[in-house]
Amino acid sequence: MSREFGDFSTKSEESRKRTTSDIELLKRVYDYAAGFRRNFIIGLSTIVMTAVTSLTIPYLHLVVIDDIITPANLSGFMWWIPIFLFVTAAHYLVQYTQIYQMRIVGENVVAKMRDQMIRKLQQISLRYFSEGEIGRILSRPVNDANVVRIFIRQGLAQIVLDVSSIVGSILIIFFINAKLAFFAVSILPFAVILAWSLGKISRKYYRRVLMYTSGMVAKIQENLSGIKVIKAFTQEERTTVGFEETQNKVVTTAIRTVAISSSYQPVLLIMRIIGTILILYYGAIMAMSGEITIGILVAFTEYQFQYFQPLLDLITQWDQYQSSMSAIERMFDLIDTNVEVTEPPAETAVNIEKIEEVKFDDVTFGYDKDIPVLKNISFTLSSGKKMAFVGPTGAGKSTIINLISKFYMPLEGEVLINGHDMKDVTTESLRAHMSIVLQDSFLFAMSVRDNIKFGKPEASDEDVVRAAKSVGAHDFIMKLPGGYDYILKEGSSNISIGQRQLISFARTLLMNPDLLILDEATSSIDPYTELVIQNALKVLLESRMAIIIAHRLSTIRLCDEILVIDHGVIVERGSHYELMASGGLYSSFYKMQFKEESGIAGEAASTEARPTST
Amino acid sequence: MSVAKPILEYVKDLKVQLDLPRSIKAFKIIARYNKPYLPFIGLIVIFSAARSYLFTLEPLYTAEIIDNVIVANDYNLLVGLLTNIFFAVAGFGILNFIILFLNGYTSKKIIRDIRTDYYKSLQEKSFEFHDAAAVGDLISRATMDLQPVDMFLAQAVGTVCDAVFTAIAVFIVMFSINRTMSYIAIVPIVIVFYLNVGLFTRTMPLFRRMQLILGRLGAYIQQDIIGMKNVRIFQREDEMEDGFKQVEAKYVETAVNAGRIQSIYTPAAEAGLSIGVSIIYIYGANLIVSPVAAILTIGDLILFTRYMRRLTMPLKNLSMMIGQWVNASAGFERVSDMVEAPVVVKDLPGAQESKIENGEVVFKDVDFGYVNNVLVLKDINMTVKPGEKIAILGATGSGKTSLIYLVPRFYDVTSGSITIDGKDIKSFTLASLRKQIGLVLQDVFLFSGTIEDNIAFGNPNATLDEVIAAAKLAQIHDFVDSLPEKYNTIIGERGVTLSGGQKQRITIARALLTNPKILILDDSLSFVDAKTENEIQKAIDEAMKGRTTFMIAQRLSTIKNADRIVVLDNGAIVELGSHSELMAKNGIYKRIYETQFLEKAPEEILGLKVK
């Protein structure tokens with residue numbers, strides 16, 4: 001049953017063929033109703049009962065005409081009124097129950113599925129979170145879940161109600177008078193075909209409107225993101241014209257869609273009235289000949305509304321049903337995704353108390369099994385030591401970090417922590433003792449304080465301030481409106497890159513990890529901030545085991561060993577001075593960088609310039 | 001819990017409610033937008049009246065068939081009456097189509113007008129506004145918030161006319177048949193209408209609330225996904241999940257609440273109508289059977305019940321409109337709030353299109369602060385001679401960017417003045433001032449489109465040769481020339497991905513192509529390697545010979561080549577002079593310069609106290 005979530009990332013969502021049958025999907029959805037089975041059964045049965053009671057009422061009217069008015073027998077109301085009141089009360093009750101119960105079931109079932117998806121997101125491999133995939137993943141717990149939610153609480157109820165109503169009313173009219181019933185329903189096939197094809201056309205246009213709308217939104221987004229450029233170059237008028245063009249496309253198509261979907265109205269209305277005319281024509285003739293009563297004729301025209309409209313509704317529901325099934329399948333795809341890195345069984349599980357040694361033993365790894373990113377990597381990092389990885393972008397440096405963090409498992413060879421195979425080490429104990437400072441230093445849209453406390457929620461406010469002071473972040477935080485309570489925006493766009501980095505340093509320092517992994521930022525910062533950051537780094541790295549993807553010379557020089565990686569292979573290793581002396585890739589790369597820092601070359605000592613390795 | 005905290009705060013205060021005075025204001029503005037479409041609206045009103053008339057016919061003819069054909073046993077009238085029914089209903093359908101179309105047409109046009117005004121107002125807004133606003137929020141105002149307005153406008157006129165005219169037409173017929181019975185019929189109709197108004201005014205805002213919470217849930221998951229590495233490393237998975245569930249619980253709660261309201265009101269409205277119809281049956285039966293005189297026929301009775309049933313539909317739509325209005329006015333308010341937000345930096349009365357001749361820039365006693373009188377720049381005095389190249393150095397937040405952004409009036413000085421060639425920059429029109437100043441922003445932003453489009457962004461009439469010349473100056477021509485499509489290469493999502501350095505060089509070419517009198521470079525070479533930076537600097541020096549340049553740069557190698565260097569600290573100029581002057585001064589510049597290369601203890605240089 002388990003599935004590779006990434007399977008369909010290559011295909012477009014639209015063209016994807018469904019692989020699971022509707023019944024299977026619905027069965028699984030039904031399983032989610034476990035805690036709400038009673039509500040579900042009550043809901044479903046009251047829907048059917050709603051159809052029954054609403055079909056009874058026209059019959060009661062038939063009775064009034066034929067058994068009370070025509071024979072002028074007013075005493076008939078003596079029994080008719082209680083029956084009527086009973087049916088009305090019953091109708092109210094079942095309808096009330098139906099709406100409420102189905103809502104409870106629908107909301108809770110979907111909430112449960114959504115929760116499982118969120119749970120899964122925290123577990124599945126990071127490979128699914130590459131930049132282009134985020135929207136696709138996001139649409140599952142948000143858009144897909146919403147489609148299914150509406151389907152369960154509305155569509156499902158509507159389908160059951162419509163079907164019961166259609167079947168019930170047609171059965172009743174055939175029961176009352178088969179001949180007239182035959183004339184009454186003869187128009188239905190034509191109505192169904194027409195409704196079906198009209199629906200198809202308007203769906204096509206509707207999709208086009210959606211497409212143009214997203215184009216317009218993209219345009220607004222682009223122009224607002226680039227508003228400063230637009231204003232700097234005084235191009236406001238030109239970009240407004242550009243926006244108006246994309247908007248006009250939306251408006252033109254939307255108006256055309258309105259025209260098409262409104263034309264639906266008279267066409268179906270004419271179909272309905274033909275049905276009514278057939279009933280009235282044959283009904284009148286039959287009534288005159290005494291074959292049927294007036295009450296029956298009136299009842300037929302009332303029942304017509306009970307099967308005609310639901311039938312058209314069903315046709316529109318069909319589309320919704322289809323998209324709900326696809327949405328359900330997509331949700332299960334996420335829920336069923338394999339968790340690649342699993343926890344060791346309790347008997348072999350090793351809990352790390354303190355990280356003392358990290359060892360790579362002949363490790364080969366690739367995100368795609370056939371394309372190795374790392375080949376036969378071996379190294380040992382022992383307590384208190386620092387190791388730097390240097391090499392061009394794409395050489396595999398970040399992959400090493402991913403393996404140490406147990407985000408992935410090696411394809412060949414072993415990663416060992418304190419001599420234990422990573423497979424046996426519990427993720428929780430490993431990560432409790434290590435921390436990563438990432439290049440992009442992601443912060444959450446919450447207060448600065450909560451961001452610093454992110455890895456250690458139980459930390460006191462004093463601890464937070466102390467950590468911020470140690471990395472030199474306190475001063476700027478105090479200048480923010482609200483200080484530590486300043487709420488960051490999504491994407492932390494309301495503070496600078498340098499400030500983001502300092503906050504993430506404080507966050508890491510507060511955790512006080514045994515092992516620190518640092519993916520140093522490539523983008524350079526102004527010399528002033530650079531100094532503050534360098535200082536913070538020193539605080540952070542002090543007497544700690546560290547693995548660093550280094551770009552700055554000052555950081556590289558702090559390390560005991562430097563590994564030069566190229567194309568997934570370690571090509572050189574040693575200290576800065578050893579590597580400089582050996583005259584290999586490191587030294588030539590370094591010298592080349594240094595030369596380019598011309599202008600400084602004459603004044604600065606030859607070992608002091610910093611290479612920018614990307 | 002902590003990541004969910006701001007969202008829960010938001011959800012807690014999230015109430016979509018009808019605020020009468022503000023709603024009236026929104027209504028007035030929306031009514032103003034309707035003005036150009038008054039002829040269409042007039043047509044809708046006229047057609048609606050005709051539609052309501054046709055609406056009454058089908059039940060009337062049906063009643064006639066019962067009374068004059070079946071009861072009277074007279075076949076002759078049947079076909080004629082059925083033909084009438086057909087044309088009445090077909091006519092009704094066609095009018096309905098026309099009304100729906102006209103209404104949809106005007107609403108789309110009105111929404112277009114509102115959105116265009118909104119968009120234009122955003123473009124007019126000053127940098128302060130855009131610094132504070134989130135793009136996602138501005139977009140959701142143009143889409144999500146206008147959606148209920150669209151839904152309201154698409155039906156409002158037609159629905160109101162339908163309800164009013166149909167009620168009038170139906171009551172006229174009813175009263176002409178039987179007064180007492182008409183009064184009896186009105187009671188349930190009013191009750192049902194009242195129940196429906198209750199239903200929709202209570203549920204519609206809840207649906208809106210759900211939509212808004214769902215948007216926040218999406219934003220929450222997005223953060224979770226983008227920050228997933230952090231979540232896992234810091235082992236906050238459970239917390240992220242719990243936070244989600246807490247927000248989700250609010251969502252489910254709202255949904256179930258709406259369900260409860262629907263489950264009470266919807267069947268009540270149906271039962272009310274059903275009881276009303278039955279009372280009419282009972283009363284009507286009495287009249288028909290009454291031996292006094294044949295006051296009422298069976299056809300009349302059927303007619304009454306038909307009308308009651310049918311009339312509830314337009315009235316139900318009307319009550320839905322009323323509920324919809326709560327959402328529409330709330331959504332529209334969020335749009336008009338932005339439209340009405342003040343434009344801080346604008347042309348002063350009497351501003352002129354002036355020419356910059358020499359490019360002498362003088363800052364005189366300039367103070368500047370963004371908000372709450374917190375000054376970012378204090379007491380800036382500086383005279384930049386024509387043709388000078390000024391580099392600005394300072395820590396993050398020291399006011400570097402603010403300083404150079406004051407020149408093209410992206411922000412206005414709080415006090416003091418800036419003059420160019422002796423003329424206050426406020427005496428220029430914004431357009432003429434900015435057209436003569438070339439700007440390369442720190443934040444590299446390129447538009448989707450070709451490379452040529454992007455370089456020619458500020459000067460759309462430039463020839464390809466001019467574009468190439470600018471590209472050569474910015475050292476990007478060789479790269480562009482190596483692409484198969486050359487200057488027609490599409491960049492962005494659907495095209496070639498450029499490196500940070502390549503993007504920066506294109507933005508430099510873009511600025512140079514406007515042939516500016518003053519050039520401002522805001523940290524615009526950070527992704528370019530040192531060698532290329534040097535070459536670009538040389539090219540810029542050549543191109544800007546005799547013109548004034550301001551620049552913020554990261555590499556001291558670039559900074560030291562400036563004519564003069566401004567060192568900013570905490571918003572004040574602490575040092576100003578050429579590289580050699582400042583080195584001789586033995587001040588902060590010298591200390592930074594030395595540590596950059598000689599790695600002295602940073603705390604010593606910055607004067608920071610580090611434990």
# chains A, B, ... in the order shown; residues from 1 in each chain; ligands from 1
$ select_by_dssp --residues "range 149-394 of chain B" --states "strand (DSSP E or B)" --output "list of chain:residue names"
B:Gln352, B:Val361, B:Val362, B:Phe363, B:Lys364, B:Asp365, B:Val366, B:Asp367, B:Phe368, B:Gly369, B:Leu375, B:Val376, B:Leu377, B:Lys378, B:Asp379, B:Ile380, B:Asn381, B:Met382, B:Thr383, B:Val384, B:Lys389, B:Ile390, B:Ala391, B:Ile392, B:Leu393, B:Gly394
$ residues_around --residues "Leu93 in chain A" --least-positions-apart "2" --cutoff "10 Å" --atoms "only C-alpha atoms" --output "list in words"
Thr46, Met49, Thr50, Val87, Thr88, Ala89, Ala90, His91, Gln95, Tyr96, Thr97 and Gln98 of chain A; Ser263, Ile264, Pro267 and Ala268 of chain B
$ residues_around --residues "range 40-44 of chain B" --least-positions-apart "5" --cutoff "10 Å" --atoms "only C-alpha atoms" --output "NGL selection string"
:B and (34-35 or 49-50 or 95-96 or 98-103 or 105-106 or 157-158 or 161-162)
$ atom_distance --atom1 "CA of Ala473 in chain A" --atom2 "CA of Ile225 in chain B"
26.5 Å
$ closest_residue --among "A:Val298, A:Met331, A:Ile401, A:Ile220" --to "Ile139 in chain B" --atoms "only C-alpha atoms"
A:Ile220
$ residues_around --residues "Gly366 in chain A" --least-positions-apart "6" --cutoff "10 Å" --atoms "only C-alpha atoms" --output "ChimeraX atom specification"
/A:372-375,396,399,408-412,568
$ closest_residue --among "B:Asp19, B:Asp74, B:Glu485, B:Glu333" --to "chain A" --atoms "only C-alpha atoms"
B:Asp74
$ residues_around --residues "Ser21 in chain A" --least-positions-apart "4" --cutoff "12 Å" --atoms "only C-alpha atoms" --output "number ranges by chain"
A: 17, 25-28, 322, 325-326, 328-329
$ write_last_selection --atoms "C-alpha atoms" --output "PDB file, in the first residue's frame"
ATOM      1  CA  LYS A  17      -4.460   8.846 -14.200  1.00  0.00           C
ATOM      2  CA  LEU A  25     -10.938   5.243  -1.769  1.00  0.00           C
ATOM      3  CA  LEU A  26     -14.359   5.676  -0.225  1.00  0.00           C
ATOM      4  CA  LYS A  27     -13.762   2.648   1.976  1.00  0.00           C
ATOM      5  CA  ARG A  28     -10.596   4.198   3.296  1.00  0.00           C
ATOM      6  CA  GLN A 322     -14.656  13.242  -9.880  1.00  0.00           C
ATOM      7  CA  MET A 325     -11.952  11.352  -5.814  1.00  0.00           C
ATOM      8  CA  SER A 326      -8.742  12.706  -7.334  1.00  0.00           C
ATOM      9  CA  ILE A 328      -8.785  11.986  -1.966  1.00  0.00           C
ATOM     10  CA  GLU A 329      -6.269   9.956  -3.881  1.00  0.00           C
TER      11      GLU A 329
END
$ closest_residue --among "A:Ser405, A:Gln158, A:Asn376, A:Ser587" --to "chain B" --atoms "only C-alpha atoms"
A:Ser405
$ residues_around --residues "Thr266 in chain B" --least-positions-apart "3" --cutoff "12 Å" --atoms "only C-alpha atoms" --output "PyMOL selection string"
(chain A and resi 91-100) or (chain B and resi 192-200+203+258-263+269-273+316)
$ closest_atom_pairs --of "range 520-554 of chain B" --to "range 341-362 of chain B" --cutoff "9 Å" --atoms "only C-alpha atoms" --output "CSV"
residue,atom,partner,partner_atom,distance
B:Gly546,CA,B:Asn358,CA,8.2
B:Arg547,CA,B:Gly359,CA,6.4
B:Thr548,CA,B:Gly359,CA,5.9
$ write_last_selection --atoms "N, CA and C atoms" --output "PDB file, in the first residue's frame"
ATOM      1  N   GLY B 546      32.684  62.709 -14.876  1.00  0.00           N
ATOM      2  CA  GLY B 546      32.042  64.017 -14.770  1.00  0.00           C
ATOM      3  C   GLY B 546      30.663  63.966 -14.150  1.00  0.00           C
ATOM      4  N   ARG B 547      30.185  62.774 -13.803  1.00  0.00           N
ATOM      5  CA  ARG B 547      28.878  62.676 -13.159  1.00  0.00           C
ATOM      6  C   ARG B 547      29.043  62.158 -11.740  1.00  0.00           C
ATOM      7  N   THR B 548      28.026  62.382 -10.949  1.00  0.00           N
ATOM      8  CA  THR B 548      28.127  62.066  -9.531  1.00  0.00           C
ATOM      9  C   THR B 548      27.682  60.633  -9.272  1.00  0.00           C
TER      10      THR B 548
END
$ atom_distance --atom1 "CA of Ile81 in chain A" --atom2 "CA of Tyr281 in chain B"
10.7 Å
$ residues_around --residues "range 225-231 of chain A" --least-positions-apart "3" --cutoff "9 Å" --atoms "only C-alpha atoms" --output "PyMOL selection string"
(chain A and resi 220-222+234-236+239) or (chain B and resi 122-124+126-127+130+135+410+431+434+439-441+445-447+457-458)
$ write_last_selection --atoms "N, CA and C atoms" --output "short mmCIF file (atom, residue, chain, number, x, y, z; two decimals), in the first residue's frame"
data_model
loop_
_atom_site.label_atom_id
_atom_site.label_comp_id
_atom_site.auth_asym_id
_atom_site.auth_seq_id
_atom_site.Cartn_x
_atom_site.Cartn_y
_atom_site.Cartn_z
N ILE A 220 0.47 40.90 -10.82
CA ILE A 220 0.41 41.81 -9.67
C ILE A 220 1.58 41.52 -8.73
N GLN A 221 1.78 40.24 -8.50
CA GLN A 221 2.85 39.85 -7.60
C GLN A 221 4.20 40.37 -8.10
N GLU A 222 4.43 40.19 -9.38
CA GLU A 222 5.71 40.62 -9.94
C GLU A 222 5.86 42.13 -9.81
N THR A 234 10.71 55.22 -12.86
CA THR A 234 9.46 55.90 -13.23
C THR A 234 8.70 55.21 -14.36
N GLN A 235 8.50 53.91 -14.19
CA GLN A 235 7.79 53.15 -15.22
C GLN A 235 6.38 52.78 -14.76
N GLU A 236 5.81 53.56 -13.86
CA GLU A 236 4.51 53.21 -13.29
C GLU A 236 3.44 53.07 -14.38
N THR A 239 3.86 49.82 -16.56
CA THR A 239 3.51 48.57 -15.90
C THR A 239 2.01 48.51 -15.59
N LEU B 122 -1.68 51.49 -5.36
CA LEU B 122 -0.50 50.85 -4.79
C LEU B 122 0.77 51.37 -5.44
N GLN B 123 0.68 51.59 -6.74
CA GLN B 123 1.87 52.07 -7.44
C GLN B 123 2.24 53.48 -7.02
N GLU B 124 1.23 54.24 -6.63
CA GLU B 124 1.50 55.61 -6.21
C GLU B 124 2.13 55.69 -4.83
N SER B 126 4.23 55.48 -1.44
CA SER B 126 5.65 55.69 -1.23
C SER B 126 6.32 54.43 -0.71
N PHE B 127 7.64 54.51 -0.62
CA PHE B 127 8.41 53.35 -0.15
C PHE B 127 8.02 52.94 1.26
N HIS B 130 5.32 50.44 1.11
CA HIS B 130 5.72 49.12 0.62
C HIS B 130 6.69 48.43 1.55
N VAL B 135 3.62 41.65 0.29
CA VAL B 135 3.08 41.47 -1.05
C VAL B 135 1.90 40.49 -1.04
N PHE B 410 12.90 58.78 -2.46
CA PHE B 410 12.12 57.61 -2.12
C PHE B 410 11.50 57.83 -0.74
N ALA B 431 8.90 62.57 -11.18
CA ALA B 431 9.27 61.86 -12.41
C ALA B 431 10.55 62.45 -12.99
N ARG B 434 13.60 61.48 -10.74
CA ARG B 434 14.01 60.08 -10.77
C ARG B 434 14.52 59.66 -12.14
N LEU B 439 19.60 54.05 -10.70
CA LEU B 439 19.64 53.39 -9.42
C LEU B 439 19.81 51.89 -9.57
N VAL B 440 20.74 51.33 -8.81
CA VAL B 440 20.87 49.89 -8.75
C VAL B 440 20.58 49.50 -7.32
N LEU B 441 19.49 48.77 -7.17
CA LEU B 441 19.05 48.43 -5.81
C LEU B 441 19.79 47.22 -5.28
N PHE B 445 16.19 42.70 -8.58
CA PHE B 445 14.88 42.30 -9.07
C PHE B 445 14.81 42.44 -10.58
N LEU B 446 14.52 41.32 -11.24
CA LEU B 446 14.33 41.37 -12.68
C LEU B 446 12.89 40.96 -12.98
N PHE B 447 12.36 41.49 -14.05
CA PHE B 447 11.00 41.16 -14.44
C PHE B 447 11.02 39.96 -15.38
N PHE B 457 14.46 48.40 -19.40
CA PHE B 457 13.29 48.65 -18.56
C PHE B 457 13.04 50.14 -18.33
N GLY B 458 14.11 50.87 -18.03
CA GLY B 458 13.93 52.29 -17.71
C GLY B 458 13.91 53.17 -18.95
#
$ closest_residue --among "A:Asp313, A:Met271, A:Thr337, A:Gly290" --to "Ile124 in chain A" --atoms "only C-alpha atoms"
A:Thr337
$ select_by_dssp --residues "range 286-503 of chain A" --states "helix (DSSP H, G or I)" --output "PyMOL selection string"
chain A and resi 286-288+294-335+397-404+422-424+427-432+448-455+461-470+474-479+483-485+490-492+497-503
$ atom_distance --atom1 "CA of Val52 in chain A" --atom2 "CA of Ile83 in chain A"
14.4 Å
$ decode --residues "range 283-308 of chain B" --atoms "N, CA and C atoms" --output "compact mmCIF listing (two decimals), in the first residue's frame"
# COMPACT_ATOMS: atom_id res chain seq x y z
N TYR B 283 -57.94 26.37 4.42
CA TYR B 283 -58.85 27.51 4.28
C TYR B 283 -59.51 27.48 2.90
N GLY B 284 -58.72 27.22 1.88
CA GLY B 284 -59.25 27.19 0.51
C GLY B 284 -60.29 26.10 0.35
N ALA B 285 -60.01 24.94 0.93
CA ALA B 285 -60.96 23.83 0.84
C ALA B 285 -62.32 24.26 1.40
N ASN B 286 -62.26 24.98 2.52
CA ASN B 286 -63.49 25.48 3.12
C ASN B 286 -64.25 26.37 2.17
N LEU B 287 -63.51 27.28 1.51
CA LEU B 287 -64.16 28.20 0.58
C LEU B 287 -64.76 27.47 -0.61
N ILE B 288 -64.01 26.52 -1.15
CA ILE B 288 -64.49 25.81 -2.34
C ILE B 288 -65.76 25.03 -2.01
N VAL B 289 -65.66 24.34 -0.88
CA VAL B 289 -66.76 23.47 -0.51
C VAL B 289 -67.96 24.27 -0.02
N SER B 290 -67.67 25.49 0.49
CA SER B 290 -68.72 26.34 1.07
C SER B 290 -69.94 26.40 0.17
N PRO B 291 -71.09 26.15 0.73
CA PRO B 291 -72.31 26.09 -0.06
C PRO B 291 -72.83 27.47 -0.45
N VAL B 292 -72.28 28.53 0.24
CA VAL B 292 -72.80 29.88 -0.01
C VAL B 292 -72.70 30.26 -1.46
N ALA B 293 -71.51 30.35 -1.91
CA ALA B 293 -71.31 30.67 -3.32
C ALA B 293 -69.94 30.17 -3.73
N ALA B 294 -69.77 29.91 -4.97
CA ALA B 294 -68.46 29.44 -5.44
C ALA B 294 -67.49 30.60 -5.48
N ILE B 295 -66.92 30.90 -4.30
CA ILE B 295 -65.98 32.03 -4.22
C ILE B 295 -64.63 31.63 -4.81
N LEU B 296 -64.29 30.37 -4.61
CA LEU B 296 -62.95 29.95 -4.99
C LEU B 296 -63.03 28.66 -5.80
N THR B 297 -62.22 28.57 -6.84
CA THR B 297 -62.16 27.33 -7.61
C THR B 297 -60.94 26.53 -7.19
N ILE B 298 -60.92 25.25 -7.60
CA ILE B 298 -59.73 24.43 -7.31
C ILE B 298 -58.50 25.04 -7.96
N GLY B 299 -58.68 25.51 -9.17
CA GLY B 299 -57.57 26.15 -9.89
C GLY B 299 -56.99 27.30 -9.09
N ASP B 300 -57.86 28.12 -8.50
CA ASP B 300 -57.39 29.25 -7.69
C ASP B 300 -56.55 28.76 -6.52
N LEU B 301 -57.03 27.70 -5.88
CA LEU B 301 -56.32 27.17 -4.72
C LEU B 301 -54.91 26.70 -5.12
N ILE B 302 -54.87 25.93 -6.21
CA ILE B 302 -53.58 25.44 -6.69
C ILE B 302 -52.68 26.64 -7.02
N LEU B 303 -53.28 27.68 -7.62
CA LEU B 303 -52.54 28.87 -7.98
C LEU B 303 -51.89 29.51 -6.76
N PHE B 304 -52.66 29.61 -5.68
CA PHE B 304 -52.13 30.19 -4.46
C PHE B 304 -50.92 29.42 -3.93
N THR B 305 -51.10 28.10 -3.87
CA THR B 305 -50.01 27.30 -3.30
C THR B 305 -48.77 27.39 -4.19
N ARG B 306 -49.00 27.38 -5.49
CA ARG B 306 -47.88 27.52 -6.42
C ARG B 306 -47.12 28.81 -6.17
N TYR B 307 -47.88 29.89 -6.10
CA TYR B 307 -47.26 31.21 -5.91
C TYR B 307 -46.45 31.27 -4.62
N MET B 308 -47.03 30.70 -3.58
CA MET B 308 -46.31 30.74 -2.30
C MET B 308 -44.97 30.02 -2.40
